[in-house]
>>> print(open('my_file_23.txt').read())   # compact mmCIF, C-alpha atoms
# COMPACT_ATOMS: atom_id res chain seq x y z
CA MET E 1 85.06 103.61 103.19
CA ILE E 2 88.67 103.34 104.30
CA LYS E 3 90.12 105.38 101.42
CA ASN E 4 89.66 108.87 102.87
CA ILE E 5 91.06 108.28 106.33
CA SER E 6 93.71 110.79 107.26
CA ARG E 7 97.26 109.78 107.93
CA ALA E 8 96.95 111.15 111.49
CA VAL E 9 94.18 108.63 112.27
CA ILE E 10 96.20 105.76 110.76
CA LYS E 11 99.21 106.78 112.84
CA ARG E 12 97.16 106.44 116.04
CA LEU E 13 95.96 102.91 115.24
CA PRO E 14 99.19 101.13 116.30
CA LYS E 15 98.93 102.83 119.70
CA TYR E 16 95.35 101.63 120.12
CA HIS E 17 96.57 98.17 119.13
CA ARG E 18 99.32 98.26 121.75
CA TYR E 19 97.04 99.45 124.58
CA LEU E 20 94.27 97.00 123.74
CA THR E 21 96.82 94.16 123.76
CA GLU E 22 97.89 95.27 127.24
CA LEU E 23 94.26 95.43 128.42
CA LEU E 24 93.64 91.93 127.11
CA ASP E 25 96.78 90.67 128.85
CA ARG E 26 95.31 92.09 132.06
CA ASP E 27 92.01 90.24 131.41
CA ILE E 28 90.00 93.41 130.86
CA ASP E 29 87.10 92.52 128.54
CA LYS E 30 85.14 95.74 128.27
CA ILE E 31 86.21 99.34 128.20
CA SER E 32 84.43 102.65 127.65
CA SER E 33 85.92 105.40 125.50
CA SER E 34 86.48 107.51 128.62
CA GLU E 35 88.33 104.68 130.41
CA LEU E 36 90.37 104.03 127.26
CA SER E 37 91.08 107.76 127.14
CA GLN E 38 92.61 107.63 130.63
CA HIS E 39 94.94 104.84 129.57
CA ILE E 40 95.96 106.06 126.17
CA GLY E 41 96.01 109.82 126.61
CA PHE E 42 93.75 110.76 123.67
CA THR E 43 90.42 112.43 124.58
CA ALA E 44 87.31 110.22 124.63
CA SER E 45 85.89 112.38 121.85
CA GLN E 46 89.02 111.82 119.75
CA ILE E 47 88.75 108.08 120.30
CA ARG E 48 85.09 107.99 119.25
CA GLN E 49 85.88 110.09 116.17
CA ASP E 50 88.77 107.80 115.23
CA PHE E 51 86.65 104.69 115.62
CA ASN E 52 83.76 106.20 113.64
CA HIS E 53 85.99 106.14 110.55
CA PHE E 54 85.73 102.37 110.73
CA GLY E 55 82.07 102.09 111.61
CA GLY E 56 82.31 102.78 115.33
CA PHE E 57 83.19 99.31 116.67
CA GLY E 58 80.80 99.41 119.61
CA GLN E 59 77.85 100.89 121.38
CA GLN E 60 78.17 104.15 123.26
CA GLY E 61 77.23 103.89 126.92
CA TYR E 62 77.99 100.20 126.86
CA GLY E 63 81.67 100.31 126.03
CA TYR E 64 83.85 98.39 123.64
CA ASN E 65 84.59 94.69 123.70
CA VAL E 66 88.40 94.75 124.02
CA LYS E 67 89.03 91.50 122.16
CA SER E 68 86.84 92.26 119.16
CA LEU E 69 88.12 95.85 119.02
CA LEU E 70 91.69 94.55 118.98
CA ASN E 71 90.79 92.07 116.22
CA GLU E 72 89.17 94.81 114.15
CA ILE E 73 92.19 97.09 114.47
CA SER E 74 94.55 94.21 113.64
CA LEU E 75 92.52 93.56 110.49
CA ILE E 76 92.56 97.24 109.50
CA LEU E 77 96.33 97.36 109.98
CA GLY E 78 96.77 94.16 107.99
CA LEU E 79 98.35 92.42 111.00
CA ASN E 80 96.26 89.29 110.49
CA LYS E 81 98.76 88.17 107.86
CA SER E 82 102.53 88.04 108.26
CA HIS E 83 105.01 90.06 106.20
CA ASN E 84 108.37 88.88 104.87
CA THR E 85 111.04 91.50 105.41
CA ILE E 86 114.70 92.12 104.60
CA ILE E 87 117.28 94.58 105.90
CA ILE E 88 119.75 96.29 103.58
CA GLY E 89 122.84 97.38 105.49
CA ALA E 90 124.11 95.07 108.24
CA GLY E 91 125.84 97.76 110.31
CA ASN E 92 124.89 98.68 113.88
CA LEU E 93 121.41 99.83 113.00
CA GLY E 94 120.77 96.75 110.86
CA HIS E 95 121.98 94.66 113.79
CA ALA E 96 119.70 96.46 116.22
CA LEU E 97 116.66 95.95 114.00
CA ALA E 98 117.54 92.29 113.34
CA ASN E 99 117.75 91.73 117.08
CA SER E 100 114.42 93.35 117.88
CA SER E 101 112.00 90.72 119.08
CA SER E 102 108.92 92.92 118.91
CA PHE E 103 108.68 92.96 115.09
CA ASN E 104 108.32 89.20 114.95
CA LYS E 105 105.50 89.31 117.46
CA TYR E 106 103.54 91.54 115.05
CA GLY E 107 104.19 89.18 112.14
CA PHE E 108 107.07 91.05 110.49
CA GLU E 109 109.40 88.15 109.78
CA LEU E 110 112.97 88.96 108.86
CA ARG E 111 114.24 86.64 106.11
CA ALA E 112 117.72 88.03 105.39
CA LEU E 113 120.09 90.98 105.69
CA PHE E 114 122.09 92.26 102.73
CA ASP E 115 125.43 94.03 102.61
CA ILE E 116 128.31 94.67 100.23
CA ASN E 117 130.96 94.23 102.94
CA GLU E 118 132.70 90.87 102.37
CA LYS E 119 133.46 90.59 106.09
CA LEU E 120 129.78 90.66 106.96
CA ILE E 121 128.47 88.42 104.17
CA GLY E 122 127.91 84.88 105.46
CA THR E 123 127.67 85.94 109.11
CA HIS E 124 124.44 85.53 111.06
CA ILE E 125 122.60 88.05 113.22
CA ASN E 126 119.97 86.64 115.54
CA GLY E 127 120.01 83.49 113.40
CA ILE E 128 119.42 85.38 110.13
CA GLU E 129 122.08 85.28 107.40
CA VAL E 130 123.78 88.32 105.89
CA LEU E 131 123.78 87.83 102.09
CA SER E 132 125.59 89.63 99.31
CA PHE E 133 123.64 92.54 97.86
CA ASP E 134 124.22 90.93 94.44
CA GLU E 135 121.77 88.19 95.40
CA ILE E 136 118.93 90.51 96.35
CA SER E 137 116.81 90.28 93.15
CA ASP E 138 116.55 86.50 93.22
CA PHE E 139 116.01 86.47 96.97
CA ILE E 140 113.11 88.95 96.85
CA LYS E 141 111.32 86.92 94.17
CA GLU E 142 111.92 83.52 95.74
CA ASN E 143 110.91 84.59 99.24
CA GLN E 144 107.94 86.86 98.51
CA ILE E 145 109.48 89.79 100.36
CA ASP E 146 107.11 92.71 100.75
CA ILE E 147 108.91 95.13 103.08
CA ALA E 148 112.56 96.25 103.02
CA TYR E 149 114.37 98.28 105.68
CA ILE E 150 117.06 100.59 104.28
CA CYS E 151 119.84 100.93 106.87
CA THR E 152 122.62 102.03 104.50
CA ALA E 153 124.59 105.24 104.30
CA VAL E 154 122.78 108.24 102.79
CA SER E 155 124.93 108.00 99.65
CA SER E 156 123.64 104.49 98.81
CA ALA E 157 120.02 104.79 99.89
CA GLN E 158 118.47 106.00 96.61
CA SER E 159 120.26 103.41 94.47
CA VAL E 160 119.22 100.68 96.93
CA ALA E 161 115.64 101.96 96.74
CA ASN E 162 115.78 101.79 92.93
CA VAL E 163 116.82 98.14 93.07
CA LEU E 164 114.06 97.36 95.56
CA VAL E 165 111.43 99.06 93.40
CA GLU E 166 112.66 97.24 90.25
CA ASN E 167 112.15 93.98 92.12
CA GLY E 168 108.60 94.79 93.08
CA ILE E 169 109.00 95.84 96.72
CA LYS E 170 106.04 98.04 97.70
CA GLY E 171 106.95 98.89 101.30
CA ILE E 172 110.18 100.64 102.29
CA TRP E 173 111.22 101.58 105.80
CA ASN E 174 113.93 104.17 105.31
CA PHE E 175 116.43 105.05 108.05
CA ALA E 176 118.79 107.03 105.79
CA LEU E 177 118.50 110.81 106.17
CA VAL E 178 117.33 111.42 102.61
CA ASP E 179 113.91 111.71 101.00
CA LEU E 180 113.69 108.83 98.55
CA GLU E 181 112.13 109.19 95.12
CA VAL E 182 109.92 106.22 94.37
CA PRO E 183 106.81 105.54 92.24
CA LYS E 184 103.50 106.54 93.81
CA ASP E 185 102.43 102.97 94.54
CA VAL E 186 105.46 102.39 96.79
CA ILE E 187 105.03 103.24 100.46
CA VAL E 188 107.99 104.83 102.22
CA GLU E 189 108.06 105.36 105.97
CA ASP E 190 111.00 107.50 107.00
CA VAL E 191 112.71 107.37 110.36
CA HIS E 192 114.73 110.57 110.32
CA LEU E 193 116.15 110.37 113.82
CA ILE E 194 117.77 113.80 113.82
CA ASP E 195 114.28 115.31 113.42
CA ASN E 196 113.35 113.93 116.85
CA LEU E 197 116.40 115.49 118.44
CA CYS E 198 115.58 118.83 116.82
CA THR E 199 112.05 118.60 118.25
CA ILE E 200 113.46 117.93 121.74
CA SER E 201 115.82 120.87 121.32
CA TYR E 202 112.90 123.12 120.34
CA PHE E 203 110.83 122.19 123.38
CA LEU E 204 113.81 122.48 125.74
CA LYS E 205 114.27 126.04 124.51
CA ASN E 206 110.61 127.12 124.61
CA MET Z 1 104.39 134.46 120.14
CA ILE Z 2 105.97 131.02 119.89
CA LYS Z 3 103.82 129.43 122.62
CA ASN Z 4 100.79 128.51 120.54
CA ILE Z 5 102.52 126.88 117.62
CA SER Z 6 101.16 123.43 116.88
CA ARG Z 7 103.27 120.34 117.19
CA ALA Z 8 102.70 119.62 113.49
CA VAL Z 9 104.42 122.89 112.55
CA ILE Z 10 107.34 122.20 114.88
CA LYS Z 11 107.72 118.72 113.40
CA ARG Z 12 108.15 120.24 109.93
CA LEU Z 13 110.93 122.64 110.98
CA PRO Z 14 113.75 120.04 110.95
CA LYS Z 15 112.85 119.19 107.36
CA TYR Z 16 113.02 122.86 106.37
CA HIS Z 17 116.38 123.01 108.15
CA ARG Z 18 117.68 120.02 106.21
CA TYR Z 19 116.54 121.28 102.81
CA LEU Z 20 117.83 124.81 103.39
CA THR Z 21 121.21 123.37 104.40
CA GLU Z 22 121.27 121.46 101.10
CA LEU Z 23 120.34 124.59 99.13
CA LEU Z 24 123.10 126.54 100.83
CA ASP Z 25 125.58 123.76 100.03
CA ARG Z 26 124.57 124.16 96.40
CA ASP Z 27 125.17 127.95 96.60
CA ILE Z 28 121.51 128.85 96.18
CA ASP Z 29 120.98 132.20 97.94
CA LYS Z 30 117.34 133.03 97.26
CA ILE Z 31 114.28 130.84 96.97
CA SER Z 32 110.56 131.50 96.56
CA SER Z 33 107.98 129.55 98.52
CA SER Z 34 106.87 127.85 95.29
CA GLU Z 35 110.44 126.78 94.44
CA LEU Z 36 110.93 125.60 98.01
CA SER Z 37 107.64 123.72 97.69
CA GLN Z 38 108.97 121.79 94.68
CA HIS Z 39 112.04 120.71 96.65
CA ILE Z 40 110.44 119.87 99.97
CA GLY Z 41 107.05 118.54 98.94
CA PHE Z 42 104.87 120.79 101.15
CA THR Z 43 102.55 123.18 99.27
CA ALA Z 44 103.69 126.81 98.88
CA SER Z 45 100.67 127.87 100.91
CA GLN Z 46 101.63 125.46 103.71
CA ILE Z 47 105.15 126.86 103.72
CA ARG Z 48 103.94 130.47 103.94
CA GLN Z 49 101.52 129.52 106.73
CA ASP Z 50 104.28 127.73 108.63
CA PHE Z 51 106.66 130.67 108.31
CA ASN Z 52 103.97 133.18 109.31
CA HIS Z 53 103.96 131.61 112.78
CA PHE Z 54 107.45 133.05 113.17
CA GLY Z 55 106.85 136.42 111.57
CA GLY Z 56 107.08 135.36 107.92
CA PHE Z 57 110.86 135.49 107.37
CA GLY Z 58 110.71 137.24 104.00
CA GLN Z 59 108.84 139.20 101.40
CA GLN Z 60 106.34 137.53 99.13
CA GLY Z 61 107.15 137.92 95.44
CA TYR Z 62 110.80 138.44 96.29
CA GLY Z 63 111.58 135.10 97.88
CA TYR Z 64 113.47 134.08 100.98
CA ASN Z 65 117.15 134.60 101.67
CA VAL Z 66 118.27 130.98 102.19
CA LYS Z 67 121.05 131.76 104.65
CA SER Z 68 119.04 134.02 106.92
CA LEU Z 69 116.05 131.67 106.76
CA LEU Z 70 118.28 128.77 107.80
CA ASN Z 71 119.71 130.87 110.65
CA GLU Z 72 116.23 131.81 111.86
CA ILE Z 73 115.06 128.19 111.83
CA SER Z 74 118.24 127.08 113.62
CA LEU Z 75 117.56 129.68 116.31
CA ILE Z 76 113.93 128.59 116.67
CA LEU Z 77 115.01 124.96 117.02
CA GLY Z 78 117.68 125.92 119.55
CA LEU Z 79 120.41 124.53 117.30
CA ASN Z 80 122.61 127.61 117.80
CA LYS Z 81 123.79 126.06 121.07
CA SER Z 82 125.11 122.54 121.53
CA HIS Z 83 123.50 119.89 123.75
CA ASN Z 84 125.27 117.37 125.95
CA THR Z 85 123.72 113.95 125.61
CA ILE Z 86 124.02 110.46 127.10
CA ILE Z 87 122.78 107.03 126.04
CA ILE Z 88 121.39 104.55 128.55
CA GLY Z 89 121.72 101.01 127.24
CA ALA Z 90 124.83 100.14 125.24
CA GLY Z 91 123.29 97.32 123.19
CA ASN Z 92 122.94 97.31 119.41
CA LEU Z 93 120.67 100.31 119.29
CA GLY Z 94 122.86 102.28 121.69
CA HIS Z 95 125.83 101.36 119.49
CA ALA Z 96 124.03 102.50 116.34
CA LEU Z 97 123.12 105.85 117.88
CA ALA Z 98 126.63 106.35 119.31
CA ASN Z 99 128.06 105.74 115.85
CA SER Z 100 125.76 108.17 114.07
CA SER Z 101 127.78 111.10 112.80
CA SER Z 102 124.78 113.27 111.92
CA PHE Z 103 123.84 114.09 115.53
CA ASN Z 104 127.21 115.69 116.18
CA LYS Z 105 126.83 117.90 113.12
CA TYR Z 106 123.66 119.36 114.66
CA GLY Z 107 125.38 120.00 117.99
CA PHE Z 108 124.12 116.96 119.91
CA GLU Z 109 127.33 115.86 121.58
CA LEU Z 110 127.41 112.42 123.13
CA ARG Z 111 129.31 112.45 126.44
CA ALA Z 112 128.87 108.86 127.68
CA LEU Z 113 126.89 105.65 127.44
CA PHE Z 114 125.62 103.84 130.53
CA ASP Z 115 124.92 100.18 131.10
CA ILE Z 116 124.63 97.66 133.93
CA ASN Z 117 126.42 94.89 131.99
CA GLU Z 118 129.92 94.48 133.47
CA LYS Z 119 131.24 93.26 130.12
CA LEU Z 120 130.30 96.52 128.43
CA ILE Z 121 131.38 98.92 131.19
CA GLY Z 122 134.78 100.40 130.39
CA THR Z 123 134.55 99.69 126.66
CA HIS Z 124 134.42 102.52 124.13
CA ILE Z 125 132.02 103.06 121.25
CA ASN Z 126 133.09 105.59 118.63
CA GLY Z 127 135.55 106.92 121.22
CA ILE Z 128 132.89 107.40 123.93
CA GLU Z 129 133.15 105.39 127.16
CA VAL Z 130 130.49 103.06 128.51
CA LEU Z 131 130.11 103.83 132.23
CA SER Z 132 128.34 102.00 135.03
CA PHE Z 133 124.72 103.11 135.51
CA ASP Z 134 125.65 103.63 139.19
CA GLU Z 135 127.69 106.66 138.16
CA ILE Z 136 124.91 108.38 136.25
CA SER Z 137 123.80 110.93 138.87
CA ASP Z 138 127.26 112.41 139.35
CA PHE Z 139 127.96 112.33 135.63
CA ILE Z 140 124.79 114.23 134.71
CA LYS Z 141 125.58 116.98 137.20
CA GLU Z 142 129.25 117.30 136.37
CA ASN Z 143 128.73 117.32 132.61
CA GLN Z 144 125.59 119.44 132.30
CA ILE Z 145 123.73 116.75 130.40
CA ASP Z 146 120.42 117.94 129.03
CA ILE Z 147 119.21 115.10 126.80
CA ALA Z 148 119.22 111.34 127.49
CA TYR Z 149 118.43 108.56 125.01
CA ILE Z 150 116.74 105.52 126.57
CA CYS Z 151 117.82 102.39 124.66
CA THR Z 152 117.09 99.85 127.40
CA ALA Z 153 114.62 96.99 127.51
CA VAL Z 154 110.98 97.94 128.07
CA SER Z 155 111.12 96.54 131.61
CA SER Z 156 113.83 99.02 132.69
CA ALA Z 157 112.73 102.11 130.80
CA GLN Z 158 110.43 103.67 133.41
CA SER Z 159 112.89 103.20 136.28
CA VAL Z 160 115.67 104.67 134.13
CA ALA Z 161 113.40 107.62 133.29
CA ASN Z 162 112.75 108.15 137.02
CA VAL Z 163 116.48 108.36 137.71
CA LEU Z 164 116.95 110.79 134.81
CA VAL Z 165 114.12 113.02 136.04
CA GLU Z 166 115.47 112.98 139.62
CA ASN Z 167 118.77 114.23 138.25
CA GLY Z 168 117.21 117.12 136.39
CA ILE Z 169 117.14 115.80 132.82
CA LYS Z 170 114.45 117.66 130.86
CA GLY Z 171 114.75 115.98 127.47
CA ILE Z 172 114.27 112.23 126.97
CA TRP Z 173 114.47 110.39 123.65
CA ASN Z 174 112.74 107.10 124.32
CA PHE Z 175 113.27 104.04 122.11
CA ALA Z 176 111.60 101.57 124.48
CA LEU Z 177 108.09 100.52 123.47
CA VAL Z 178 106.41 101.99 126.52
CA ASP Z 179 104.77 105.33 127.25
CA LEU Z 180 106.84 106.87 130.04
CA GLU Z 181 105.28 108.75 132.93
CA VAL Z 182 107.24 111.94 133.62
CA PRO Z 183 106.49 115.38 135.09
CA LYS Z 184 104.95 117.89 132.69
CA ASP Z 185 108.12 119.93 132.31
CA VAL Z 186 110.03 116.94 130.93
CA ILE Z 187 109.93 116.46 127.14
CA VAL Z 188 109.71 112.90 125.87
CA GLU Z 189 110.07 112.06 122.19
CA ASP Z 190 109.17 108.45 121.52
CA VAL Z 191 110.55 106.36 118.69
CA HIS Z 192 108.15 103.43 118.65
CA LEU Z 193 109.53 101.60 115.64
CA ILE Z 194 106.81 98.98 115.46
CA ASP Z 195 104.29 101.78 114.82
CA ASN Z 196 106.08 102.56 111.53
CA LEU Z 197 105.86 98.95 110.43
CA CYS Z 198 102.16 98.87 111.27
CA THR Z 199 101.66 102.00 109.14
CA ILE Z 200 103.47 100.36 106.20
CA SER Z 201 101.33 97.26 106.68
CA TYR Z 202 98.16 99.39 106.60
CA PHE Z 203 99.10 101.14 103.37
CA LEU Z 204 100.22 97.90 101.72
CA LYS Z 205 96.80 96.50 102.44
CA ASN Z 206 94.76 99.52 101.33
>>> encode(input="my_file_23.txt", output="structure tokens")
Amino acid sequence: MIKNISRAVIKRLPKYHRYLTELLDRDIDKISSSELSQHIGFTASQIRQDFNHFGGFGQQGYGYNVKSLLNEISLILGLNKSHNTIIIGAGNLGHALANSSSFNKYGFELRALFDINEKLIGTHINGIEVLSFDEISDFIKENQIDIAYICTAVSSAQSVANVLVENGIKGIWNFALVDLEVPKDVIVEDVHLIDNLCTISYFLKN
Amino acid sequence: MIKNISRAVIKRLPKYHRYLTELLDRDIDKISSSELSQHIGFTASQIRQDFNHFGGFGQQGYGYNVKSLLNEISLILGLNKSHNTIIIGAGNLGHALANSSSFNKYGFELRALFDINEKLIGTHINGIEVLSFDEISDFIKENQIDIAYICTAVSSAQSVANVLVENGIKGIWNFALVDLEVPKDVIVEDVHLIDNLCTISYFLKN
């Protein structure tokens, strides 16, 4: 059932997850699609369509049970299990990501950073050690790493990705401004920050 | 003409810009939509559809002139003029963004960072000074700032956005994991990093 769901629907799921978590924190148990629409900014029709991809989740006219809806979306996103992650590149961006507390809350547990800079190797960021890139193969195998964040310079990103793929990593979060070539079974999510700025520039102009 | 273009089309323009810049660097003058398709990964039909929103840019069967196509897309994105930018929040993420060299290349010129932490105020990051948040109103007016990057904690982001809006900022790049409420004429681009990780988690599972 889940195979044919469009990327656009998948991309909206984390936002549903976030809003439902907030509703639960505010002790709201039930919510209709139109109330949810007011909070989240998608139309009620959009919300019902999205949810119908997964069997609907609730009865129309009665509303959704917030807790079970949140559980269902967590399951769909695979957030019921934790993920072991590593960062390659312990520069400013690597630091910023290592210091982010929100990833941990979602079960993305940072196990190590890697760098080639001797000055950084052996230091700790937010309690996590920076290791030599030479150690990455053994580390990935011994620690069942499934997601790697590439925070290197553009010039190193593809060769880093190759090493990750050789060591069985299936999820790459790429911050380098380059489109990585990887086998089809490897998932790459790009954060090309300049693209956001270009979008802002476009809308400022128009 | 440009008013009804979908957000999805706009979001693809920076990628066209990037690839065309690379082609130009490699002295490639002409390219067909099918050759461009092989480079960029969108279908040739998608590319022609996208370009038709802006009048087409070239003759089918003859191919596009890379330089003039790049110029047209730069104009559409408003990249022919530079933008004055500021960062609010001089923590790790603010540091990482201040140190990024790619933004400058596109004409996004960082003028200052702002923070409330006395230890950071007066320091410099990549040659740019960290100023007290108290000075932000005067600074925005005197330096014709048009885009602000919010790199603060979630708890401060909305109040920072309010100050920015009061001072006439129309473009906000928001890294805090909160959906900001702003007037309709203010553009907000969110970078909600956890959403990317959730997407990776989904595809790893499915």
>>> closest_atom_pairs(input="my_file_23.txt", of="chain Z", to="chain E", cutoff="6 Å", atoms="all atoms listed in the file", output="Markdown table")
| residue | atom | partner | partner_atom | distance |
| --- | --- | --- | --- | --- |
| Z:Pro14 | CA | E:Asp195 | CA | 5.4 |
| Z:Leu77 | CA | E:Tyr202 | CA | 4.3 |
| Z:Gly78 | CA | E:Tyr202 | CA | 5.6 |
| Z:Asn92 | CA | E:Ala96 | CA | 4.6 |
| Z:Leu93 | CA | E:Ala96 | CA | 5.0 |
| Z:Ala96 | CA | E:Asn92 | CA | 4.6 |
| Z:Asp195 | CA | E:Pro14 | CA | 5.4 |
| Z:Ser201 | CA | E:Gly78 | CA | 5.7 |
| Z:Tyr202 | CA | E:Leu77 | CA | 4.3 |
>>> atom_distance(input="my_file_23.txt", atom1="CA of Asp25 (chain E)", atom2="CA of Gln46 (chain E)")
24.3 Å
>>> atom_distance(input="my_file_23.txt", atom1="CA of Ala90 (chain Z)", atom2="CA of Ala90 (chain E)")
17.8 Å
>>> residues_around(input="my_file_23.txt", residues="Ser155 (chain Z)", least_positions_apart="2", cutoff="12 Å", atoms="all atoms listed in the file", output="list in words")
Ile150, Cys151, Thr152, Ala153, Ala157, Gln158, Ser159, Val160, Ala161, Ala176, Leu177, Val178, Asp179 and Leu180 of chain Z
>>> residues_around(input="my_file_23.txt", residues="Val163 (chain E)", least_positions_apart="6", cutoff="12 Å", atoms="all atoms listed in the file", output="number ranges by chain")
E: 88, 133-138, 140, 148, 150, 156-157, 169-170, 172, 182
>>> residues_around(input="my_file_23.txt", residues="Asp29 (chain Z)", least_positions_apart="4", cutoff="7 Å", atoms="all atoms listed in the file", output="ChimeraX atom specification")
/Z:24,65-67
>>> residues_around(input="my_file_23.txt", residues="Asn143 (chain E)", least_positions_apart="3", cutoff="8 Å", atoms="only C-alpha atoms", output="ChimeraX atom specification")
/E:84,111,139-140
>>> atom_distance(input="my_file_23.txt", atom1="CA of Glu109 (chain E)", atom2="CA of Ile86 (chain E)")
8.4 Å
>>> build_atoms(input="my_file_23.txt", residues="region 72-83 of chain E", atoms="N, CA and C atoms", output="CSV table (one decimal), in the frame of the given file")
chain,number,residue,atom,x,y,z
E,72,GLU,N,89.5,93.9,115.2
E,72,GLU,CA,89.2,94.8,114.2
E,72,GLU,C,90.4,95.7,113.8
E,73,ILE,N,91.1,96.2,114.8
E,73,ILE,CA,92.2,97.1,114.5
E,73,ILE,C,93.3,96.3,113.8
E,74,SER,N,93.5,95.1,114.3
E,74,SER,CA,94.6,94.2,113.6
E,74,SER,C,94.2,94.0,112.2
E,75,LEU,N,93.0,93.8,111.9
E,75,LEU,CA,92.5,93.6,110.5
E,75,LEU,C,92.8,94.8,109.7
E,76,ILE,N,92.4,96.0,110.2
E,76,ILE,CA,92.6,97.2,109.5
E,76,ILE,C,94.0,97.5,109.2
E,77,LEU,N,94.9,97.2,110.2
E,77,LEU,CA,96.3,97.4,110.0
E,77,LEU,C,97.0,96.3,109.1
E,78,GLY,N,96.2,95.2,108.8
E,78,GLY,CA,96.8,94.2,108.0
E,78,GLY,C,97.7,93.3,108.8
E,79,LEU,N,97.5,93.2,110.1
E,79,LEU,CA,98.4,92.4,111.0
E,79,LEU,C,97.9,91.0,111.1
E,80,ASN,N,96.7,90.7,110.5
E,80,ASN,CA,96.3,89.3,110.5
E,80,ASN,C,97.1,88.4,109.6
E,81,LYS,N,97.8,89.0,108.7
E,81,LYS,CA,98.8,88.2,107.9
E,81,LYS,C,100.2,88.6,108.2
E,82,SER,N,101.1,87.7,108.0
E,82,SER,CA,102.5,88.0,108.3
E,82,SER,C,103.2,88.7,107.0
E,83,HIS,N,104.3,89.4,107.3
E,83,HIS,CA,105.0,90.1,106.2
E,83,HIS,C,106.4,89.5,106.2
